[in-house]
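Asker: Below is a structure I'd like to ask you about.
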Amino acid sequence: MAAALGATGGDADMGLQVLANVSKPALTQAKQLVSQNKVSLSMCDSEDVLYTVVTAGCGGREVEVCIAQTHTRFEYIKDQGKLIYQAEALSTVSQQQVIPPELNLADILVFVEQVPLAQIAFIGRAAELNRQLAEEGLSGHYGLALGASLQAQVAKGLLSDDLMTKAMSLGAAASDARMGGAMLAAMSNSGSGNQGIAATMPILAYAELKTLSEEQQLRALMLSHLVAIYVKSQQNKLSALCAATTASMGACAALTWLMGGDLAAIHRAINAMVADVSGVFCDGAKAGCAMKVSTGASSAVKSAILAIAGHEVSAQQGIVFESADASIARLGQLSKTAMLATDQAIIATMQAKQNQLLS
């Protein structure tokens, strides 16, 4: 459907918002293309984790386009088999996200606490956009309706109207709407709407319970999003590791800070999350992502609470180190190496399901 919509109503000038202005006629036409089996999908072999080849034909003419290495980079274009465009090779450095190698949690915290507020005021859009998504999702008309379902249990007395429930329900509701087709924008993080939601909603949940000044909320949001970017920078752009749960490590850091925690407490909190959600893998973008967003939110809250109480997961346990920076780096290394086999196994499972449905 995404490929068909790109053909009938996509706007290449919009970058990652290529489908933002799709019209109802374009949607109708795209559905017809899919129902007429005009669109087919298959796997291609590539060492690049982000690699797509699209072949489109009409009236006897065929064009082939390859996107590789980053989401909006054309690798090559062929018209009637003739190469008409070839991109220059990306250097190893430029392929990586532009994060200074010496960056660490201490630097991020110093920046967030000292930067003039006017320079980070834009992050308020994260609260505005993602809150609108959450409100839409709480209607219960999208995706799994997990956010609305959790919220309904508060009225029934099965869940408390506390920080954890709010963080889970708001995060899940925003993801419900995002993955369920709501025509609203999300403030993304590292190119992902769900990562942006995961880094934002626990902070807004805290703000609903505690009176925060505009400055507190903006600095907390900036801390959350910068830590989420820092964590993601250690991973591949696409990975078998669920980035929505690791983005919640940003929210965990911000919640710890809002609760009065210092840098040491932030290290303890993130280490607790590494111990908690490091095994959550990604099996594609879908309605079920709301479950993982809510899981990340709950882990962020309990990890922050644990850290504020002075407790920690020791460096003798699992992949956790004394420094959360080292834990983040190790988690990233695992996502780039060991989890490549996991990624292949997940894709094979999804292919087998597809083949079974088609047979």
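Chains: A, B, ... in order of the structure tokens. Residues: from 1 per chain. Ligands: from 1, in order shown.
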Would you kindly return, as number ranges by chain, each protein, DNA or RNA residue with an atom no farther than 12 Å from any atom of Tyr206 (chain A), considering only C-alpha atoms and excluding same-chain residues fewer than 6 positions away?

Answerer: A: 161-168, 170, 200, 212, 216-217, 220-221, 251-252, 254-259, 297, 300-301, 304

Asker: Show which residues sit within 9 Å of Asn194 (chain A), as a PyMOL selection string. Count only C-alpha atoms, and ignore same-chain residues fewer than 4 positions away.

Answerer: chain A and resi 171+174-175+178-179+186-189+198-199+243-244+247+289-290+293

Asker: Produce a file of the selected residues containing all heavy atoms, as a short mmCIF file (atom, residue, chain, number, x, y, z; two decimals), in the first residue's frame.

Answerer:
```cif
data_model
loop_
_atom_site.label_atom_id
_atom_site.label_comp_id
_atom_site.auth_asym_id
_atom_site.auth_seq_id
_atom_site.Cartn_x
_atom_site.Cartn_y
_atom_site.Cartn_z
N GLY A 171 1.55 7.30 26.03
CA GLY A 171 2.48 6.80 25.01
C GLY A 171 1.81 5.83 24.08
O GLY A 171 1.96 5.91 22.85
N ALA A 174 -0.73 7.66 21.72
CA ALA A 174 -0.08 8.38 20.62
C ALA A 174 0.40 7.40 19.56
O ALA A 174 0.28 7.65 18.36
CB ALA A 174 1.09 9.20 21.15
N SER A 175 0.94 6.25 20.00
CA SER A 175 1.39 5.24 19.04
C SER A 175 0.20 4.58 18.33
O SER A 175 0.27 4.29 17.14
CB SER A 175 2.23 4.18 19.75
OG SER A 175 2.75 3.24 18.84
N ARG A 178 -0.65 7.02 15.71
CA ARG A 178 0.42 7.11 14.72
C ARG A 178 0.41 5.90 13.80
O ARG A 178 0.50 6.03 12.58
CB ARG A 178 1.77 7.19 15.46
CG ARG A 178 3.00 7.18 14.56
CD ARG A 178 3.11 8.45 13.77
NE ARG A 178 4.40 8.55 13.09
CZ ARG A 178 4.68 9.44 12.16
NH1 ARG A 178 3.77 10.32 11.80
NH2 ARG A 178 5.85 9.49 11.59
N MET A 179 0.31 4.70 14.38
CA MET A 179 0.37 3.48 13.58
C MET A 179 -0.98 3.13 12.97
O MET A 179 -1.06 2.31 12.07
CB MET A 179 0.87 2.31 14.44
CG MET A 179 2.18 2.59 15.18
SD MET A 179 3.47 3.29 14.15
CE MET A 179 3.85 1.92 13.09
N ALA A 186 3.75 13.67 13.92
CA ALA A 186 4.43 13.37 15.19
C ALA A 186 5.76 14.11 15.19
O ALA A 186 6.38 14.30 14.15
CB ALA A 186 4.67 11.88 15.33
N MET A 187 6.20 14.54 16.37
CA MET A 187 7.57 15.04 16.50
C MET A 187 8.45 13.81 16.64
O MET A 187 8.37 13.08 17.62
CB MET A 187 7.73 15.95 17.72
CG MET A 187 9.16 16.36 18.01
SD MET A 187 9.91 17.45 16.78
CE MET A 187 9.38 19.05 17.39
N SER A 188 9.25 13.54 15.61
CA SER A 188 10.05 12.32 15.60
C SER A 188 11.36 12.49 16.35
O SER A 188 11.75 13.60 16.73
CB SER A 188 10.33 11.88 14.16
OG SER A 188 11.17 12.83 13.53
N ASN A 189 12.04 11.38 16.57
CA ASN A 189 13.38 11.37 17.14
C ASN A 189 14.17 10.34 16.35
O ASN A 189 13.72 9.20 16.18
CB ASN A 189 13.34 11.01 18.62
CG ASN A 189 14.71 11.09 19.28
OD1 ASN A 189 15.59 10.29 19.01
ND2 ASN A 189 14.88 12.06 20.16
N ALA A 198 7.99 8.03 22.40
CA ALA A 198 8.56 7.38 23.58
C ALA A 198 9.39 8.36 24.41
O ALA A 198 9.44 8.26 25.65
CB ALA A 198 9.42 6.20 23.16
N ALA A 199 10.04 9.31 23.74
CA ALA A 199 10.87 10.29 24.44
C ALA A 199 10.07 11.45 25.00
O ALA A 199 10.58 12.22 25.82
CB ALA A 199 11.95 10.82 23.50
N ALA A 243 13.85 0.28 18.88
CA ALA A 243 14.34 1.62 19.20
C ALA A 243 13.32 2.43 19.99
O ALA A 243 13.69 3.42 20.63
CB ALA A 243 14.73 2.35 17.92
N ALA A 244 12.06 2.04 19.96
CA ALA A 244 11.07 2.75 20.77
C ALA A 244 11.34 2.54 22.25
O ALA A 244 11.19 3.45 23.07
CB ALA A 244 9.66 2.29 20.42
N ALA A 247 14.60 4.45 23.08
CA ALA A 247 14.34 5.89 23.14
C ALA A 247 13.75 6.27 24.48
O ALA A 247 13.93 7.40 24.96
CB ALA A 247 13.40 6.30 22.01
N CYS A 289 3.19 -1.86 17.87
CA CYS A 289 4.26 -1.02 18.42
C CYS A 289 3.78 -0.27 19.67
O CYS A 289 4.59 0.09 20.53
CB CYS A 289 4.75 -0.02 17.39
SG CYS A 289 5.70 -0.76 16.04
N ALA A 290 2.48 -0.03 19.78
CA ALA A 290 1.95 0.66 20.95
C ALA A 290 2.23 -0.13 22.22
O ALA A 290 2.45 0.44 23.30
CB ALA A 290 0.44 0.87 20.80
N VAL A 293 5.86 0.68 23.07
CA VAL A 293 5.98 2.04 23.57
C VAL A 293 5.54 2.09 25.03
O VAL A 293 6.18 2.72 25.87
CB VAL A 293 5.15 3.02 22.72
CG1 VAL A 293 5.08 4.40 23.39
CG2 VAL A 293 5.76 3.16 21.33
#
```

Asker: What lies within 12 Å of Gln132 (chain A) using only C-alpha atoms, ignoring chain neighbours under 2 positions off, as a ChimeraX atom specification?

Answerer: /A:125-130,134-139,170-171,173-175,177-178,182-187,197,201,204

Asker: List every residue of region 136-344 of chain A that DSSP, applied to the backbone, labels as helix (DSSP H, G or I), and write the result as an NGL selection string.

Answerer: :A and (136-137 or 146-155 or 163-179 or 193-209 or 214-233 or 243-258 or 263-277 or 289-308 or 324-336 or 338-344)

Asker: How would the residues just picked look written out with C-alpha atoms as a CSV table (one decimal), in the first residue's frame?

Answerer:
```
chain,number,residue,atom,x,y,z
A,136,GLU,CA,-6.6,11.3,19.1
A,137,GLY,CA,-5.5,7.8,20.2
A,146,LEU,CA,-4.3,0.2,24.0
A,147,GLY,CA,-4.1,3.8,25.3
A,148,ALA,CA,-7.8,4.1,25.6
A,149,SER,CA,-8.1,0.6,27.1
A,150,LEU,CA,-5.6,1.4,29.8
A,151,GLN,CA,-7.3,4.7,30.5
A,152,ALA,CA,-10.7,3.0,30.8
A,153,GLN,CA,-9.4,0.8,33.6
A,154,VAL,CA,-8.6,3.8,35.7
A,155,ALA,CA,-12.4,4.6,35.9
A,163,LEU,CA,2.6,8.4,36.8
A,164,MET,CA,3.1,4.9,35.4
A,165,THR,CA,-0.4,4.5,34.1
A,166,LYS,CA,-0.4,8.0,32.6
A,167,ALA,CA,3.0,7.4,30.9
A,168,MET,CA,1.9,4.1,29.5
A,169,SER,CA,-1.6,5.2,28.4
A,170,LEU,CA,-0.4,8.5,26.8
A,171,GLY,CA,2.5,6.8,25.0
A,172,ALA,CA,0.4,3.9,23.8
A,173,ALA,CA,-2.4,6.2,22.7
A,174,ALA,CA,-0.1,8.4,20.6
A,175,SER,CA,1.4,5.2,19.0
A,176,ASP,CA,-2.1,3.8,18.4
A,177,ALA,CA,-3.0,7.0,16.5
A,178,ARG,CA,0.4,7.1,14.7
A,179,MET,CA,0.4,3.5,13.6
A,193,GLY,CA,7.6,8.9,15.2
A,194,ASN,CA,7.4,6.2,17.8
A,195,GLN,CA,10.8,7.1,19.1
A,196,GLY,CA,9.7,10.7,19.4
A,197,ILE,CA,6.6,9.6,21.2
A,198,ALA,CA,8.6,7.4,23.6
A,199,ALA,CA,10.9,10.3,24.4
A,200,THR,CA,8.0,12.7,25.0
A,201,MET,CA,4.9,11.2,26.6
A,202,PRO,CA,6.4,10.2,30.0
A,203,ILE,CA,7.5,13.8,30.5
A,204,LEU,CA,4.0,15.0,29.7
A,205,ALA,CA,2.6,12.4,32.1
A,206,TYR,CA,4.8,13.8,34.9
A,207,ALA,CA,3.7,17.3,34.0
A,208,GLU,CA,0.1,16.3,34.5
A,209,LEU,CA,0.8,15.2,38.1
A,214,GLU,CA,7.7,26.1,31.1
A,215,GLU,CA,11.5,26.0,31.6
A,216,GLN,CA,11.4,22.7,33.6
A,217,GLN,CA,9.3,21.1,30.9
A,218,LEU,CA,11.4,22.3,28.0
A,219,ARG,CA,14.7,21.3,29.6
A,220,ALA,CA,13.3,17.9,30.5
A,221,LEU,CA,12.1,17.3,27.0
A,222,MET,CA,15.4,18.4,25.6
A,223,LEU,CA,17.3,16.1,28.0
A,224,SER,CA,15.0,13.2,27.0
A,225,HIS,CA,15.3,13.7,23.2
A,226,LEU,CA,19.1,14.3,23.3
A,227,VAL,CA,19.7,11.1,25.4
A,228,ALA,CA,17.4,9.2,23.0
A,229,ILE,CA,19.5,10.5,20.0
A,230,TYR,CA,22.7,9.6,21.9
A,231,VAL,CA,21.4,6.0,22.5
A,232,LYS,CA,20.3,5.6,18.9
A,233,SER,CA,23.6,6.9,17.6
A,243,ALA,CA,14.3,1.6,19.2
A,244,ALA,CA,11.1,2.8,20.8
A,245,THR,CA,12.1,1.1,24.0
A,246,THR,CA,15.6,2.4,23.9
A,247,ALA,CA,14.3,5.9,23.1
A,248,SER,CA,12.5,5.6,26.4
A,249,MET,CA,15.9,5.7,28.1
A,250,GLY,CA,15.8,9.4,27.3
A,251,ALA,CA,12.5,9.7,29.1
A,252,CYS,CA,14.0,7.8,32.0
A,253,ALA,CA,16.9,10.3,32.3
A,254,ALA,CA,14.5,13.2,32.2
A,255,LEU,CA,12.2,11.7,34.8
A,256,THR,CA,15.1,11.1,37.1
A,257,TRP,CA,16.2,14.7,36.6
A,258,LEU,CA,12.7,16.0,37.3
A,263,LEU,CA,24.1,12.7,37.0
A,264,ALA,CA,24.9,9.6,39.1
A,265,ALA,CA,21.2,8.9,39.5
A,266,ILE,CA,20.7,9.2,35.7
A,267,HIS,CA,23.5,6.6,35.2
A,268,ARG,CA,21.7,4.3,37.7
A,269,ALA,CA,18.4,4.8,36.0
A,270,ILE,CA,19.6,4.1,32.4
A,271,ASN,CA,21.5,1.1,33.6
A,272,ALA,CA,18.3,-0.3,35.1
A,273,MET,CA,16.6,0.2,31.8
A,274,VAL,CA,19.4,-1.5,29.9
A,275,ALA,CA,18.9,-4.5,32.3
A,276,ASP,CA,15.2,-4.4,31.7
A,277,VAL,CA,14.4,-3.8,28.0
A,289,CYS,CA,4.3,-1.0,18.4
A,290,ALA,CA,1.9,0.7,21.0
A,291,MET,CA,2.6,-2.3,23.3
A,292,LYS,CA,6.3,-1.7,23.1
A,293,VAL,CA,6.0,2.0,23.6
A,294,SER,CA,4.0,1.4,26.7
A,295,THR,CA,6.6,-1.1,27.9
A,296,GLY,CA,9.3,1.4,27.4
A,297,ALA,CA,7.3,4.0,29.3
A,298,SER,CA,6.7,1.7,32.3
A,299,SER,CA,10.4,0.8,32.4
A,300,ALA,CA,11.4,4.4,32.3
A,301,VAL,CA,9.2,5.2,35.3
A,302,LYS,CA,10.2,2.3,37.5
A,303,SER,CA,13.9,2.7,36.6
A,304,ALA,CA,13.8,6.4,37.6
A,305,ILE,CA,12.1,5.6,40.9
A,306,LEU,CA,14.7,2.9,41.6
A,307,ALA,CA,17.5,5.3,40.9
A,308,ILE,CA,16.1,8.1,43.0
A,324,ALA,CA,25.6,4.0,31.7
A,325,ASP,CA,27.7,5.4,28.8
A,326,ALA,CA,29.5,2.1,28.6
A,327,SER,CA,26.2,0.2,28.9
A,328,ILE,CA,24.7,2.2,26.0
A,329,ALA,CA,27.8,1.5,23.9
A,330,ARG,CA,27.7,-2.2,24.6
A,331,LEU,CA,24.0,-2.4,23.8
A,332,GLY,CA,24.7,-0.6,20.5
A,333,GLN,CA,27.4,-3.1,19.7
A,334,LEU,CA,25.1,-6.0,20.3
A,335,SER,CA,22.5,-4.5,18.1
A,336,LYS,CA,25.0,-4.1,15.2
A,338,ALA,CA,24.6,-10.3,17.4
A,339,MET,CA,21.2,-9.0,16.6
A,340,LEU,CA,21.8,-9.1,12.8
A,341,ALA,CA,21.0,-12.9,13.0
A,342,THR,CA,17.9,-12.0,14.9
A,343,ASP,CA,16.9,-9.6,12.2
A,344,GLN,CA,17.3,-12.3,9.5
```
